[in-house]
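So the structure is just underneath, and the comments pick up after that.
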Amino acid sequence: MVEETFFRLRIPADIKARVAEAARKNRRSLNGEIIYQLERVFPDPAAGGDTA
């Protein structure tokens, strides 16, 4: 099981709107879209992801 943590994040309203639109288009929750995008930028090195 993956350990999860909770934290608050302040972002500009226009960025939130863009992420929300991407989430809607990709049929994900806002949280799911943020996690998806972060995993693309920061792949897990233990899973053989690119570390560059």
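Just so we're on the same page: first chain in the structure tokens is A, next is B, and so on; residues restart at 1 for each chain, and ligands are numbered from 1 in the order they show up.
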**Request:** Pull the helix (DSSP H, G or I) assignments for stretch 1-38 of chain A out of DSSP run on the backbone, and list those residues as a ChimeraX atom specification.
**Result:** /A:13-25,30-38
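Here atom CA of A:Glu3 is placed at a distance of 26.8 Å from atom CA of A:Ile15.
The interatomic distance for the pair atom CA of A:Val2 and atom CA of A:Val19 works out to 23.6 Å.
All residues of protein, DNA or RNA that reach within 10 Å of A:Ser29, judged by only C-alpha atoms and not counting those fewer than 6 positions away in the chain, are Val19, Ala20, Ala22, Ala23 and Ile35 of chain A.
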